[in-house]
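K.L.:
What follows is coords_19.cif, made up of mmCIF, C-alpha atoms and all ligand atoms:
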data_run
loop_
_atom_site.label_atom_id
_atom_site.label_comp_id
_atom_site.auth_asym_id
_atom_site.auth_seq_id
_atom_site.Cartn_x
_atom_site.Cartn_y
_atom_site.Cartn_z
CA MET A 197 17.30 -24.47 -0.11
CA ALA A 198 14.65 -21.83 -0.55
CA VAL A 199 13.96 -18.66 1.40
CA ASP A 200 11.24 -15.99 1.36
CA LEU A 201 12.15 -12.48 2.47
CA HIS A 202 8.91 -10.58 1.84
CA LEU A 203 5.92 -11.52 4.00
CA HIS A 204 3.01 -9.63 5.55
CA SER A 205 1.12 -10.56 8.70
CA THR A 206 -1.84 -9.22 10.68
CA ALA A 207 0.57 -6.54 11.96
CA SER A 208 -0.23 -4.86 8.61
CA ASP A 209 -2.46 -6.12 5.78
CA GLY A 210 -1.76 -9.84 5.90
CA THR A 211 -4.37 -12.38 6.99
CA LEU A 212 -2.20 -14.72 9.07
CA ARG A 213 -0.75 -14.01 12.47
CA PRO A 214 3.08 -13.79 12.55
CA ALA A 215 3.42 -17.20 14.26
CA GLU A 216 1.05 -18.79 11.74
CA ILE A 217 3.17 -17.59 8.81
CA ILE A 218 6.31 -18.99 10.42
CA ALA A 219 4.58 -22.33 10.99
CA LYS A 220 3.48 -22.42 7.33
CA ALA A 221 6.99 -21.52 6.14
CA HIS A 222 8.41 -24.37 8.23
CA GLU A 223 5.73 -26.75 6.94
CA ILE A 224 6.62 -26.12 3.30
CA GLY A 225 10.34 -26.48 3.98
CA LEU A 226 11.65 -22.92 3.76
CA THR A 227 14.94 -22.45 5.60
CA ALA A 228 14.79 -18.70 6.23
CA VAL A 229 12.16 -15.98 6.18
CA ALA A 230 11.80 -12.28 6.88
CA LEU A 231 8.65 -10.59 8.14
CA THR A 232 8.21 -7.29 6.29
CA ASP A 233 5.01 -5.63 7.46
CA HIS A 234 4.08 -2.18 6.16
CA ASP A 235 5.24 0.52 8.62
CA SER A 236 5.29 -1.93 11.52
CA VAL A 237 7.63 -4.12 13.52
CA ALA A 238 4.84 -5.21 15.90
CA GLY A 239 4.77 -8.78 14.57
CA ILE A 240 8.48 -9.45 14.84
CA GLN A 241 8.74 -10.69 18.42
CA GLU A 242 6.00 -13.28 17.87
CA ALA A 243 7.52 -14.42 14.55
CA LEU A 244 10.99 -14.61 16.08
CA THR A 245 9.80 -16.72 19.01
CA GLU A 246 8.05 -19.20 16.68
CA SER A 247 11.11 -19.29 14.37
CA ILE A 248 13.34 -20.20 17.31
CA ASN A 249 10.86 -22.96 18.29
CA LEU A 250 10.97 -24.38 14.76
CA SER A 251 14.71 -23.76 14.10
CA LEU A 252 13.96 -21.50 11.16
CA THR A 253 16.31 -18.63 10.34
CA PHE A 254 14.42 -15.39 10.92
CA ILE A 255 15.32 -11.90 9.71
CA PRO A 256 13.53 -8.94 11.32
CA GLY A 257 12.29 -6.66 8.55
CA LEU A 258 9.72 -4.12 7.44
CA GLU A 259 8.39 -2.43 4.28
CA MET A 260 8.02 1.33 4.01
CA SER A 261 6.31 3.35 1.30
CA SER A 262 7.62 6.32 -0.60
CA GLU A 263 6.94 8.05 -3.88
CA TYR A 264 8.92 9.23 -6.85
CA GLY A 265 6.74 11.36 -9.08
CA GLU A 266 3.75 9.14 -9.86
CA LYS A 267 5.60 5.98 -8.89
CA ASP A 268 4.97 4.06 -5.68
CA ILE A 269 8.38 3.16 -4.33
CA HIS A 270 8.55 0.62 -1.50
CA ILE A 271 11.71 0.03 0.51
CA LEU A 272 12.34 -3.13 2.50
CA GLY A 273 14.57 -3.07 5.59
CA TYR A 274 16.37 -6.21 6.83
CA PHE A 275 18.27 -7.03 10.03
CA ILE A 276 16.84 -3.92 11.66
CA ASP A 277 16.97 -3.34 15.41
CA TYR A 278 13.20 -3.57 15.87
CA THR A 279 13.49 -2.32 19.47
CA GLN A 280 15.10 0.99 18.50
CA VAL A 281 13.04 3.88 19.89
CA ARG A 282 13.81 6.20 16.98
CA LEU A 283 12.52 3.65 14.48
CA ILE A 284 9.45 2.77 16.55
CA GLU A 285 8.53 6.45 16.95
CA ALA A 286 8.77 7.05 13.20
CA LEU A 287 6.53 4.02 12.56
CA VAL A 288 3.98 5.18 15.15
CA SER A 289 3.62 8.50 13.25
CA LEU A 290 3.26 6.76 9.91
CA ARG A 291 0.58 4.43 11.27
CA ALA A 292 -1.32 7.36 12.77
CA ALA A 293 -1.28 9.05 9.36
CA ARG A 294 -2.62 5.81 7.85
CA VAL A 295 -5.61 6.00 10.22
CA ASP A 296 -6.37 9.62 9.18
CA ARG A 297 -6.08 8.65 5.54
CA GLY A 298 -8.41 5.68 6.08
CA GLU A 299 -11.03 8.03 7.51
CA LYS A 300 -10.65 10.34 4.50
CA MET A 301 -11.12 7.40 2.12
CA VAL A 302 -14.32 6.39 3.93
CA GLU A 303 -15.55 10.00 3.58
CA LYS A 304 -14.74 10.06 -0.14
CA LEU A 305 -16.54 6.76 -0.64
CA ALA A 306 -19.58 8.17 1.18
CA GLU A 307 -19.58 11.16 -1.20
CA LEU A 308 -19.81 8.60 -4.01
CA GLY A 309 -22.78 6.98 -2.30
CA LEU A 310 -20.77 4.01 -1.01
CA HIS A 311 -21.27 3.81 2.73
CA ILE A 312 -18.94 1.81 4.92
CA SER A 313 -18.21 2.29 8.57
CA PHE A 314 -14.73 3.42 9.55
CA SER A 315 -14.92 1.49 12.80
CA GLU A 316 -15.39 -1.70 10.76
CA VAL A 317 -12.30 -0.82 8.73
CA GLU A 318 -10.39 -0.25 11.96
CA ALA A 319 -11.62 -3.55 13.37
CA CYS A 320 -10.50 -5.28 10.17
CA ALA A 321 -6.98 -3.87 10.67
CA CYS A 322 -6.89 -5.40 14.19
CA GLY A 323 -4.66 -2.64 15.52
CA GLY A 324 -2.11 -3.21 12.73
CA ALA A 325 -1.00 -0.71 10.08
CA LEU A 326 -4.29 0.33 8.45
CA GLY A 327 -4.21 0.22 4.67
CA ARG A 328 -6.31 0.23 1.55
CA PRO A 329 -6.72 -3.57 1.63
CA HIS A 330 -8.72 -3.18 4.87
CA VAL A 331 -10.99 -0.59 3.24
CA ALA A 332 -11.35 -2.90 0.22
CA GLN A 333 -12.20 -5.86 2.43
CA ILE A 334 -15.08 -3.99 4.08
CA MET A 335 -16.31 -2.82 0.67
CA VAL A 336 -16.43 -6.49 -0.40
CA LYS A 337 -18.16 -7.46 2.85
CA GLN A 338 -20.81 -4.77 2.26
CA GLY A 339 -21.36 -6.04 -1.29
CA LEU A 340 -20.26 -2.73 -2.81
CA VAL A 341 -17.69 -4.50 -5.01
CA ALA A 342 -17.26 -8.13 -5.99
CA ASN A 343 -13.65 -8.44 -4.86
CA ILE A 344 -10.59 -6.54 -3.61
CA SER A 345 -9.22 -5.98 -7.12
CA GLU A 346 -12.44 -4.26 -8.16
CA ALA A 347 -12.23 -1.96 -5.13
CA PHE A 348 -8.73 -0.89 -6.21
CA GLU A 349 -9.52 -0.64 -9.91
CA ARG A 350 -12.73 1.35 -9.58
CA PHE A 351 -12.26 3.37 -6.39
CA ILE A 352 -9.17 3.34 -4.20
CA GLY A 353 -6.31 2.65 -6.59
CA ARG A 354 -4.03 5.57 -7.51
CA GLY A 355 -6.09 8.09 -9.49
CA GLY A 356 -9.38 6.47 -8.44
CA PRO A 357 -12.29 8.65 -7.20
CA ALA A 358 -11.79 7.61 -3.54
CA TYR A 359 -7.99 7.51 -3.66
CA VAL A 360 -6.23 9.42 -0.90
CA SER A 361 -2.45 9.71 -0.96
CA LYS A 362 -0.57 8.53 2.08
CA TYR A 363 1.84 10.59 4.17
CA VAL A 364 5.21 9.13 3.29
CA LEU A 365 8.87 9.78 3.99
CA THR A 366 11.28 10.38 1.13
CA THR A 367 13.29 7.41 -0.11
CA ALA A 368 16.46 8.97 1.37
CA GLN A 369 14.77 9.39 4.78
CA ILE A 370 13.61 5.77 4.74
CA ILE A 371 17.01 4.42 3.77
CA ASP A 372 18.61 6.55 6.50
CA LEU A 373 16.09 5.35 9.11
CA ILE A 374 16.82 1.72 8.18
CA HIS A 375 20.59 2.25 8.27
CA ARG A 376 20.44 4.00 11.65
CA ALA A 377 18.47 1.01 12.93
CA GLY A 378 21.36 -1.18 11.80
CA GLY A 379 19.54 -2.60 8.79
CA VAL A 380 20.05 -2.86 5.06
CA ALA A 381 17.68 -1.31 2.54
CA SER A 382 16.33 -3.08 -0.53
CA LEU A 383 14.06 -1.75 -3.26
CA ALA A 384 10.84 -3.81 -3.27
CA HIS A 385 9.23 -5.06 -6.51
CA PRO A 386 11.05 -2.66 -8.90
CA GLY A 387 9.19 -4.14 -11.89
CA PRO A 388 5.61 -3.23 -10.89
CA SER A 389 6.89 0.03 -9.39
CA GLY A 390 8.21 1.00 -12.82
CA VAL A 391 11.80 1.52 -11.71
CA ASP A 392 14.34 1.86 -14.48
CA GLU A 393 18.14 2.07 -14.43
CA PRO A 394 18.43 5.86 -13.90
CA LEU A 395 16.04 5.75 -10.94
CA LEU A 396 17.83 2.74 -9.46
CA ARG A 397 21.12 4.65 -9.73
CA LEU A 398 19.51 7.62 -7.96
CA LEU A 399 18.30 5.37 -5.13
CA GLN A 400 21.76 3.86 -4.89
CA GLU A 401 23.18 7.37 -4.48
CA SER A 402 20.78 7.77 -1.52
CA GLY A 403 22.33 4.68 0.04
CA LEU A 404 20.17 1.81 -1.26
CA ASP A 405 21.98 -1.48 -0.60
CA ALA A 406 19.98 -4.04 -2.54
CA VAL A 407 17.21 -4.68 -5.03
CA GLU A 408 14.40 -7.23 -4.85
CA VAL A 409 15.02 -9.39 -7.89
CA TRP A 410 12.61 -12.25 -7.16
CA HIS A 411 9.00 -11.19 -6.62
CA THR A 412 5.62 -12.78 -7.39
CA ASP A 413 4.72 -9.97 -9.80
CA HIS A 414 8.02 -10.16 -11.73
CA SER A 415 8.11 -11.95 -15.06
CA PRO A 416 11.16 -14.20 -15.67
CA LYS A 417 12.43 -11.45 -17.97
CA GLN A 418 12.14 -8.81 -15.22
CA THR A 419 13.91 -11.12 -12.77
CA ARG A 420 16.81 -11.56 -15.22
CA TYR A 421 16.88 -7.85 -15.98
CA PHE A 422 17.13 -6.76 -12.32
CA LEU A 423 19.60 -9.55 -11.51
CA GLU A 424 21.91 -8.27 -14.24
CA LEU A 425 21.34 -4.63 -13.32
CA ALA A 426 22.09 -5.30 -9.63
CA ASP A 427 25.28 -7.09 -10.64
CA CYS A 428 26.28 -4.24 -12.92
CA LEU A 429 25.65 -1.56 -10.25
CA GLY A 430 27.13 -3.56 -7.37
CA LEU A 431 23.85 -3.84 -5.47
CA MET A 432 23.01 -6.90 -3.39
CA VAL A 433 19.90 -8.90 -4.28
CA THR A 434 16.85 -9.95 -2.26
CA GLY A 435 13.65 -11.82 -3.03
CA GLY A 436 10.29 -12.68 -1.59
CA SER A 437 6.76 -13.68 -2.50
CA ASP A 438 5.05 -10.63 -0.89
CA CYS A 439 2.58 -13.14 0.56
CA HIS A 440 -0.37 -11.48 2.31
CA GLY A 441 -1.96 -14.76 3.40
CA PHE A 442 -5.17 -16.36 2.20
CA GLY A 443 -8.05 -14.68 0.40
CA LYS A 444 -5.91 -11.97 -1.19
CA THR A 445 -5.64 -11.10 -4.86
CA ARG A 446 -2.41 -13.01 -5.40
CA GLY A 447 -3.48 -16.16 -3.55
CA PHE A 448 -1.28 -17.99 -1.08
CA VAL A 449 2.15 -17.45 -2.62
CA LEU A 450 4.40 -18.15 0.37
CA GLY A 451 7.57 -19.91 -0.79
CA SER A 452 6.35 -20.14 -4.39
CA LEU A 453 9.56 -18.65 -5.81
CA ASP A 454 12.83 -20.51 -5.85
CA ILE A 455 14.96 -17.95 -4.03
CA PRO A 456 18.49 -19.07 -3.11
CA ASP A 457 19.54 -18.91 0.54
CA ALA A 458 22.93 -17.53 -0.56
CA ILE A 459 21.38 -14.04 -0.74
CA ILE A 460 21.21 -13.79 3.06
CA GLU A 461 24.86 -13.79 4.11
CA PRO A 462 25.89 -10.63 2.17
CA LEU A 463 22.93 -8.80 3.73
CA ARG A 464 23.88 -9.99 7.20
CA ILE A 465 27.50 -8.90 6.72
CA ARG A 466 26.51 -5.43 5.43
CA ALA A 467 24.07 -4.98 8.33
CA ALA A 468 26.74 -5.99 10.85
CA ASN A 469 28.91 -3.19 9.46
CA PHE A 470 26.19 -0.62 10.18
CA CYS A 471 26.03 -1.49 13.89
P1 LIG B 501 -1.53 1.13 1.24
O1 LIG B 501 -0.20 0.85 1.92
O2 LIG B 501 -2.60 1.39 2.21
O3 LIG B 501 -1.43 2.18 0.17
O4 LIG B 501 -1.95 -0.22 0.50
C1 LIG B 501 -1.03 -0.84 -0.35
C2 LIG B 501 -1.27 -2.34 -0.33
O5 LIG B 501 -2.47 -2.61 -1.02
C3 LIG B 501 -0.21 -3.14 -1.07
O6 LIG B 501 0.83 -3.51 -0.23
C4 LIG B 501 -0.98 -4.36 -1.50
O7 LIG B 501 -1.05 -5.26 -0.43
C5 LIG B 501 -2.36 -3.82 -1.75
N1 LIG B 501 -2.66 -3.48 -3.16
C6 LIG B 501 -2.14 -2.49 -3.90
N2 LIG B 501 -2.69 -2.46 -5.13
C7 LIG B 501 -3.59 -3.48 -5.17
C8 LIG B 501 -4.49 -3.98 -6.16
N3 LIG B 501 -4.57 -3.42 -7.37
N4 LIG B 501 -5.25 -5.04 -5.85
C9 LIG B 501 -5.18 -5.61 -4.63
N5 LIG B 501 -4.35 -5.19 -3.65
C10 LIG B 501 -3.56 -4.14 -3.90
ZN ZN B 502 0.37 -4.96 1.49
FE FE B 503 5.05 -3.28 -1.61
FE FE B 504 4.82 -6.06 0.46
#
As structure tokens, how would this structure be written, given the file I've shared?
Ligand code: AMP
Ligand code: ZN
Ligand code: FE
Ligand code: FE

P.N.:
Amino acid sequence: MAVDLHLHSTASDGTLRPAEIIAKAHEIGLTAVALTDHDSVAGIQEALTESINLSLTFIPGLEMSSEYGEKDIHILGYFIDYTQVRLIEALVSLRAARVDRGEKMVEKLAELGLHISFSEVEACACGGALGRPHVAQIMVKQGLVANISEAFERFIGRGGPAYVSKYVLTTAQIIDLIHRAGGVASLAHPGPSGVDEPLLRLLQESGLDAVEVWHTDHSPKQTRYFLELADCLGLMVTGGSDCHGFGKTRGFVLGSLDIPDAIIEPLRIRAANFC
């Protein structure tokens, strides 16, 4: 029985509403899912309600960004108390910083002669966590680039002429925030993030509980490598497609990986111990 523990909705940069993702997951026969929006838990209540309606196991989650040198490090939180004021306040600040950064990106693009309106970018984000994909989408809409990938490659990807870094917490702060909200912390897509064994050990010293072994952008070799490394270091394992809905670079990848449901119980037990 397959599960998918890495999904984005309109609460961040996904294209489907939380309830629509849950309905799709049920339709394709997944038994459990987690919603992991960037810096937001705003979609969880809706997803949970639909999961209960459809008898699907639902794990409240989120994805938070950090950096290590030049590397983008993303941490997933699972079984979090999404009503915790401390957590919600931290996420509100991070989303506000995302709005400021979005405005700066629009300014940088204008300096390059590429004019898009920030209010259109904001409208595209629909009140969710504003990110580069929303900027990219408006650039496509305006005909400034052919597709989202081109926007990242030529302008807003790391090192690009309109790239603006995001205000982020340190990995230790994120892991601590997740733990204090009763959740477990997993390192998202370590392959594309360029995480090696020494860095994984460092993150483990900061309290990391798990590593995302199955991910759409992992080759079979990377999946085997991180599975073995997690086993060797005594880290739990997680997995998810990182589906952002339709019309995104990766396509509709929900449930496309064969992720065993046995990964959930150890996470649940560890989270219960944090409460
Ligand atoms: P942000 O959190 O605003 O920095 O945006 C990061 C998000 O942009 C990621 O979660 C992906 O959804 C998306 N993304 C990152 N790199 C690319 C890329 N090269 N092409 C398309 N989407 C990307
Ligand atoms: Zn995203
Ligand atoms: Fe990510
Ligand atoms: Fe993600």

K.L.:
Step by step, measure atom-to-atom distances between ligand ZN 502 (chain B) and each residue using all atoms listed in the file, keep those at most 9 Å, then write them as an MDAnalysis selection string.

P.N.:
chainID A and resid 203:204 208:210 233:234 259 327:329 438:440

K.L.:
Tell me, in Å to one decimal, how far atom CA of Glu216 of chain A is from atom CA of Ser247 of chain A.

P.N.:
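Interatomic distance, atom CA of Glu216 of chain A to atom CA of Ser247 of chain A: 10.4 Å.
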
K.L.:
Excluding same-chain residues fewer than 3 positions from Val364 of chain A, what lies within 8 Å of it counting only C-alpha atoms, as a list of chain:residue names?

P.N.:
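Everything that qualifies: A:Ser261, A:Ser262, A:Glu263, A:Leu290.
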
K.L.:
Give me the segment 264-377 of chain A side of the contact with segment 384-389 of chain A, cut-off 7 Å, one line per residue showing its nearest atom pair and distance in Å at one decimal, counting all atoms listed in the file, sorted by chain and residue number, as JSON lines.

P.N.:
{"residue": "A:Lys267", "atom": "CA", "partner": "A:Ser389", "partner_atom": "CA", "distance": 6.1}
{"residue": "A:Asp268", "atom": "CA", "partner": "A:Ser389", "partner_atom": "CA", "distance": 5.8}
{"residue": "A:Ile269", "atom": "CA", "partner": "A:Ser389", "partner_atom": "CA", "distance": 6.1}
{"residue": "A:His270", "atom": "CA", "partner": "A:Ala384", "partner_atom": "CA", "distance": 5.3}
{"residue": "A:Ile271", "atom": "CA", "partner": "A:Ala384", "partner_atom": "CA", "distance": 5.5}
{"residue": "A:Leu272", "atom": "CA", "partner": "A:Ala384", "partner_atom": "CA", "distance": 6.0}

K.L.:
Could you check how far atom CA of Ala377 of chain A sits from atom CA of Val199 of chain A, in Å to one decimal?

P.N.:
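Atom CA of Val199 of chain A lies 23.2 Å from atom CA of Ala377 of chain A.
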
K.L.:
Can I get the residues of segment 373-455 of chain A within 12 Å of segment 252-258 of chain A, each with the closest pair of atoms and their distance in Å to one decimal, using only C-alpha atoms, sorted chain first then ascending number, as a tab-separated table?

P.N.:
residue	atom	partner	partner_atom	distance
A:Leu373	CA	A:Leu258	CA	11.5
A:Ile374	CA	A:Leu258	CA	9.2
A:Ala377	CA	A:Gly257	CA	10.8
A:Gly378	CA	A:Pro256	CA	11.0
A:Gly379	CA	A:Gly257	CA	8.3
A:Val380	CA	A:Gly257	CA	9.3
A:Ala381	CA	A:Gly257	CA	9.7
A:Ser382	CA	A:Leu258	CA	10.4
A:Leu383	CA	A:Leu258	CA	11.8
A:Ala384	CA	A:Leu258	CA	10.8
A:Gly436	CA	A:Gly257	CA	12.0
A:Asp438	CA	A:Leu258	CA	11.6
